[in-house]
$ cat run24.txt   # compact mmCIF, N, CA and C atoms
# COMPACT_ATOMS: atom_id res chain seq x y z
N MET A 1 101.43 146.74 176.99
CA MET A 1 102.38 146.67 178.08
C MET A 1 103.27 145.43 177.93
N ARG A 2 102.64 144.32 177.53
CA ARG A 2 103.41 143.08 177.39
C ARG A 2 104.45 143.19 176.29
N ILE A 3 104.11 143.88 175.19
CA ILE A 3 105.06 144.09 174.11
C ILE A 3 106.23 144.94 174.59
N ALA A 4 105.95 145.95 175.36
CA ALA A 4 107.01 146.82 175.89
C ALA A 4 107.94 146.05 176.81
N VAL A 5 107.40 145.17 177.63
CA VAL A 5 108.22 144.36 178.53
C VAL A 5 109.10 143.39 177.73
N SER A 6 108.54 142.78 176.70
CA SER A 6 109.32 141.87 175.87
C SER A 6 110.43 142.61 175.14
N SER A 7 110.13 143.82 174.67
CA SER A 7 111.13 144.62 173.97
C SER A 7 112.23 145.05 174.91
N ALA A 8 111.87 145.45 176.09
CA ALA A 8 112.87 145.88 177.08
C ALA A 8 113.73 144.70 177.52
N GLY A 9 113.17 143.52 177.54
CA GLY A 9 113.93 142.34 177.94
C GLY A 9 114.81 141.79 176.84
N GLY A 10 114.77 142.38 175.64
CA GLY A 10 115.61 141.94 174.55
C GLY A 10 115.07 140.73 173.80
N ARG A 11 113.82 140.40 174.00
CA ARG A 11 113.22 139.25 173.32
C ARG A 11 112.39 139.75 172.14
N LEU A 12 113.07 140.12 171.08
CA LEU A 12 112.38 140.70 169.92
C LEU A 12 111.48 139.68 169.24
N GLY A 13 111.84 138.39 169.28
CA GLY A 13 111.03 137.36 168.65
C GLY A 13 109.76 137.06 169.42
N ALA A 14 109.73 137.45 170.68
CA ALA A 14 108.58 137.16 171.53
C ALA A 14 107.82 138.43 171.90
N MET A 15 107.82 139.40 171.02
CA MET A 15 107.19 140.67 171.35
C MET A 15 105.67 140.58 171.35
N LEU A 16 105.11 139.74 170.49
CA LEU A 16 103.66 139.62 170.45
C LEU A 16 103.23 138.40 171.24
N PRO A 17 102.09 138.49 171.89
CA PRO A 17 101.61 137.33 172.65
C PRO A 17 101.21 136.18 171.74
N ASP A 18 101.21 134.97 172.28
CA ASP A 18 100.88 133.78 171.50
C ASP A 18 99.45 133.81 170.96
N SER A 19 98.56 134.47 171.66
CA SER A 19 97.16 134.51 171.20
C SER A 19 97.01 135.31 169.91
N ILE A 20 97.93 136.21 169.63
CA ILE A 20 97.86 137.03 168.42
C ILE A 20 98.56 136.33 167.26
N THR A 21 99.68 135.71 167.54
CA THR A 21 100.48 135.10 166.47
C THR A 21 100.05 133.65 166.27
N VAL A 22 99.46 133.41 165.13
CA VAL A 22 99.07 132.05 164.75
C VAL A 22 99.89 131.69 163.52
N LEU A 23 100.84 130.79 163.70
CA LEU A 23 101.73 130.41 162.60
C LEU A 23 101.28 129.09 162.00
N LYS A 24 101.21 129.07 160.69
CA LYS A 24 100.89 127.84 159.98
C LYS A 24 102.17 127.35 159.31
N PRO A 25 102.42 126.06 159.34
CA PRO A 25 103.64 125.56 158.70
C PRO A 25 103.57 125.77 157.18
N VAL A 26 104.70 126.10 156.62
CA VAL A 26 104.81 126.34 155.18
C VAL A 26 105.23 125.04 154.52
N ARG A 27 104.50 124.63 153.49
CA ARG A 27 104.84 123.40 152.77
C ARG A 27 106.02 123.64 151.85
N SER A 28 106.91 122.70 151.82
CA SER A 28 108.05 122.78 150.93
C SER A 28 107.83 121.82 149.76
N TYR A 29 107.85 122.36 148.57
CA TYR A 29 107.66 121.55 147.37
C TYR A 29 108.99 121.26 146.68
N GLU A 30 110.08 121.44 147.41
CA GLU A 30 111.40 121.25 146.83
C GLU A 30 111.59 119.82 146.32
N LEU A 31 111.23 118.84 147.11
CA LEU A 31 111.41 117.45 146.70
C LEU A 31 110.53 117.11 145.49
N LEU A 32 109.32 117.62 145.47
CA LEU A 32 108.42 117.38 144.34
C LEU A 32 108.96 118.03 143.07
N ARG A 33 109.48 119.23 143.18
CA ARG A 33 110.06 119.91 142.02
C ARG A 33 111.28 119.17 141.50
N MET A 34 112.13 118.72 142.42
CA MET A 34 113.33 117.98 142.00
C MET A 34 112.93 116.67 141.32
N ALA A 35 111.93 115.99 141.87
CA ALA A 35 111.47 114.74 141.27
C ALA A 35 110.91 114.98 139.88
N ALA A 36 110.17 116.07 139.70
CA ALA A 36 109.61 116.38 138.38
C ALA A 36 110.71 116.66 137.37
N ALA A 37 111.73 117.40 137.78
CA ALA A 37 112.84 117.69 136.88
C ALA A 37 113.59 116.41 136.49
N VAL A 38 113.81 115.55 137.47
CA VAL A 38 114.53 114.29 137.19
C VAL A 38 113.70 113.39 136.28
N VAL A 39 112.38 113.31 136.51
CA VAL A 39 111.52 112.48 135.66
C VAL A 39 111.50 113.00 134.22
N LEU A 40 111.41 114.30 134.04
CA LEU A 40 111.45 114.87 132.69
C LEU A 40 112.79 114.57 132.01
N PHE A 41 113.85 114.70 132.77
CA PHE A 41 115.18 114.46 132.22
C PHE A 41 115.37 112.99 131.86
N LEU A 42 114.96 112.09 132.75
CA LEU A 42 115.09 110.66 132.46
C LEU A 42 114.16 110.24 131.31
N GLY A 43 113.00 110.87 131.23
CA GLY A 43 112.10 110.60 130.11
C GLY A 43 112.74 110.96 128.78
N THR A 44 113.51 112.04 128.78
CA THR A 44 114.23 112.43 127.57
C THR A 44 115.26 111.37 127.18
N ILE A 45 115.98 110.87 128.16
CA ILE A 45 117.00 109.86 127.87
C ILE A 45 116.35 108.59 127.34
N VAL A 46 115.24 108.18 127.94
CA VAL A 46 114.53 106.99 127.47
C VAL A 46 113.99 107.22 126.07
N GLY A 47 113.44 108.39 125.81
CA GLY A 47 112.91 108.71 124.49
C GLY A 47 113.99 108.69 123.42
N ILE A 48 115.16 109.17 123.75
CA ILE A 48 116.26 109.16 122.79
C ILE A 48 116.67 107.73 122.46
N SER A 49 116.72 106.88 123.46
CA SER A 49 117.13 105.49 123.19
C SER A 49 116.04 104.72 122.44
N VAL A 50 114.77 105.02 122.70
CA VAL A 50 113.68 104.32 122.02
C VAL A 50 113.60 104.74 120.55
N TRP A 51 113.74 106.04 120.29
CA TRP A 51 113.63 106.53 118.92
C TRP A 51 114.93 106.48 118.15
N GLU A 52 115.99 105.96 118.76
CA GLU A 52 117.29 105.78 118.13
C GLU A 52 117.79 107.07 117.47
N VAL A 53 117.85 108.11 118.27
CA VAL A 53 118.37 109.39 117.80
C VAL A 53 119.88 109.24 117.57
N PRO A 54 120.41 109.79 116.50
CA PRO A 54 121.86 109.68 116.25
C PRO A 54 122.68 110.24 117.42
N GLU A 55 123.83 109.64 117.63
CA GLU A 55 124.66 109.99 118.79
C GLU A 55 125.12 111.44 118.77
N ILE A 56 125.31 111.97 117.58
CA ILE A 56 125.77 113.36 117.45
C ILE A 56 124.71 114.32 118.00
N VAL A 57 123.46 114.04 117.74
CA VAL A 57 122.36 114.90 118.16
C VAL A 57 121.94 114.62 119.60
N ALA A 58 122.16 113.39 120.06
CA ALA A 58 121.66 112.98 121.38
C ALA A 58 122.22 113.84 122.51
N GLY A 59 123.49 114.16 122.47
CA GLY A 59 124.09 114.98 123.53
C GLY A 59 123.46 116.36 123.63
N THR A 60 123.23 116.95 122.48
CA THR A 60 122.61 118.28 122.45
C THR A 60 121.17 118.23 122.95
N VAL A 61 120.43 117.21 122.53
CA VAL A 61 119.03 117.08 122.96
C VAL A 61 118.96 116.83 124.47
N ILE A 62 119.83 115.98 124.98
CA ILE A 62 119.83 115.69 126.42
C ILE A 62 120.16 116.95 127.22
N THR A 63 121.16 117.68 126.80
CA THR A 63 121.53 118.92 127.50
C THR A 63 120.41 119.94 127.44
N GLY A 64 119.82 120.10 126.26
CA GLY A 64 118.71 121.05 126.12
C GLY A 64 117.51 120.67 126.97
N MET A 65 117.18 119.39 126.98
CA MET A 65 116.03 118.96 127.80
C MET A 65 116.33 119.03 129.29
N ALA A 66 117.59 118.88 129.68
CA ALA A 66 117.94 119.06 131.08
C ALA A 66 117.65 120.49 131.52
N LEU A 67 118.02 121.44 130.66
CA LEU A 67 117.73 122.84 130.98
C LEU A 67 116.22 123.13 130.95
N VAL A 68 115.53 122.57 129.97
CA VAL A 68 114.07 122.77 129.89
C VAL A 68 113.38 122.18 131.11
N SER A 69 113.79 120.99 131.53
CA SER A 69 113.16 120.37 132.70
C SER A 69 113.45 121.18 133.96
N ALA A 70 114.65 121.76 134.06
CA ALA A 70 114.96 122.60 135.21
C ALA A 70 114.11 123.86 135.22
N VAL A 71 113.91 124.47 134.04
CA VAL A 71 113.08 125.68 133.96
C VAL A 71 111.62 125.35 134.27
N VAL A 72 111.13 124.22 133.78
CA VAL A 72 109.74 123.82 134.05
C VAL A 72 109.55 123.57 135.55
N ALA A 73 110.50 122.90 136.17
CA ALA A 73 110.35 122.53 137.58
C ALA A 73 110.59 123.71 138.53
N PHE A 74 111.61 124.54 138.24
CA PHE A 74 112.00 125.58 139.20
C PHE A 74 111.69 127.00 138.76
N GLY A 75 111.24 127.18 137.54
CA GLY A 75 110.91 128.53 137.08
C GLY A 75 112.16 129.40 136.98
N SER A 76 112.07 130.60 137.51
CA SER A 76 113.19 131.54 137.40
C SER A 76 114.39 131.15 138.26
N ASP A 77 114.21 130.21 139.17
CA ASP A 77 115.29 129.76 140.03
C ASP A 77 115.89 128.45 139.52
N TRP A 78 115.96 128.27 138.20
CA TRP A 78 116.37 127.02 137.58
C TRP A 78 117.84 126.71 137.79
N ARG A 79 118.63 127.69 138.16
CA ARG A 79 120.07 127.46 138.31
C ARG A 79 120.41 126.53 139.47
N ARG A 80 119.44 126.26 140.35
CA ARG A 80 119.68 125.31 141.45
C ARG A 80 119.84 123.89 140.93
N PHE A 81 119.35 123.61 139.74
CA PHE A 81 119.40 122.25 139.18
C PHE A 81 120.74 121.97 138.49
N VAL A 82 121.52 122.99 138.18
CA VAL A 82 122.77 122.84 137.43
C VAL A 82 123.77 121.91 138.13
N PRO A 83 123.97 121.97 139.45
CA PRO A 83 124.92 121.03 140.07
C PRO A 83 124.53 119.56 139.87
N PHE A 84 123.26 119.25 139.75
CA PHE A 84 122.84 117.88 139.53
C PHE A 84 123.15 117.41 138.12
N ILE A 85 123.12 118.32 137.16
CA ILE A 85 123.47 117.99 135.78
C ILE A 85 124.96 117.65 135.70
N GLU A 86 125.77 118.35 136.47
CA GLU A 86 127.20 118.12 136.45
C GLU A 86 127.59 116.75 137.02
N LEU A 87 126.72 116.14 137.79
CA LEU A 87 127.00 114.82 138.37
C LEU A 87 126.90 113.69 137.35
N LEU A 88 126.24 113.96 136.23
CA LEU A 88 126.04 112.92 135.24
C LEU A 88 127.32 112.66 134.45
N PRO A 89 127.64 111.40 134.21
CA PRO A 89 128.86 111.10 133.44
C PRO A 89 128.68 111.43 131.96
N GLY A 90 129.78 111.72 131.32
CA GLY A 90 129.74 111.92 129.87
C GLY A 90 129.61 113.28 129.48

$ encode --input "run24.txt" --output "structure tokens"
Amino acid sequence: MRIAVSSAGGRLGAMLPDSITVLKPVRSYELLRMAAAVVLFLGTIVGISVWEVPEIVAGTVITGMALVSAVVAFGSDWRRFVPFIELLPG
């Protein structure tokens, strides 16, 4: 009866009583994923400077590792990381 009253009143979000609906907050790992991608990417840059990789190869390696770090961090939704790569100079 309570569901019918809620439906008739136009409150579709409140159709079920509170005793039935128990909502648990969903954790967002977005910040952790972004931090992991940035750490992998910065680790690549540090590794290139430590191992003195030639400048011609360095750009390709940095770009490739940026994509690899995005895929590792975000999986199939890696394209969300592309705008952050565009912010980098050079």

$ atom_distance --input "run24.txt" --atom1 "CA of Val71 (chain A)" --atom2 "CA of Ile45 (chain A)"
17.4 Å

$ residues_around --input "run24.txt" --residues "region 48-51 of chain A" --least-positions-apart "5" --cutoff "9 Å" --atoms "only C-alpha atoms" --output "PDB file with N, CA and C atoms, in the coordinates of the input"
ATOM      1  N   GLY A  43     113.000 110.870 131.230  1.00  0.00           N
ATOM      2  CA  GLY A  43     112.100 110.600 130.110  1.00  0.00           C
ATOM      3  C   GLY A  43     112.740 110.960 128.780  1.00  0.00           C
ATOM      4  N   ALA A  58     122.160 113.390 120.060  1.00  0.00           N
ATOM      5  CA  ALA A  58     121.660 112.980 121.380  1.00  0.00           C
ATOM      6  C   ALA A  58     122.220 113.840 122.510  1.00  0.00           C
ATOM      7  N   VAL A  61     120.430 117.210 122.530  1.00  0.00           N
ATOM      8  CA  VAL A  61     119.030 117.080 122.960  1.00  0.00           C
ATOM      9  C   VAL A  61     118.960 116.830 124.470  1.00  0.00           C
ATOM     10  N   ILE A  62     119.830 115.980 124.980  1.00  0.00           N
ATOM     11  CA  ILE A  62     119.830 115.690 126.420  1.00  0.00           C
ATOM     12  C   ILE A  62     120.160 116.950 127.220  1.00  0.00           C
TER      13      ILE A  62
END

$ residues_near_point --input "run24.txt" --point "(115.2, 125.2, 137.0)" --cutoff "10 Å" --atoms "only C-alpha atoms" --output "list in words"
Arg33, Met34, Ala37, Ala66, Leu67, Val68, Ser69, Ala70, Val71, Val72, Ala73, Phe74, Gly75, Ser76, Asp77, Trp78, Arg79, Arg80, Phe81 and Val82 of chain A

$ axis_aligned_box --input "run24.txt" --around "region 41-59 of chain A" --padding-each-side "5 Å" --output "lines of an AutoDock Vina configuration file"
center_x = 118.9
center_y = 110.3
center_z = 124.5
size_x = 23.7
size_y = 22.0
size_z = 26.5

$ atom_distance --input "run24.txt" --atom1 "atom N of Leu40 (chain A)" --atom2 "CA of Met65 (chain A)"
9.1 Å

$ atom_distance --input "run24.txt" --atom1 "CA of Pro83 (chain A)" --atom2 "CA of Ser28 (chain A)"
20.1 Å
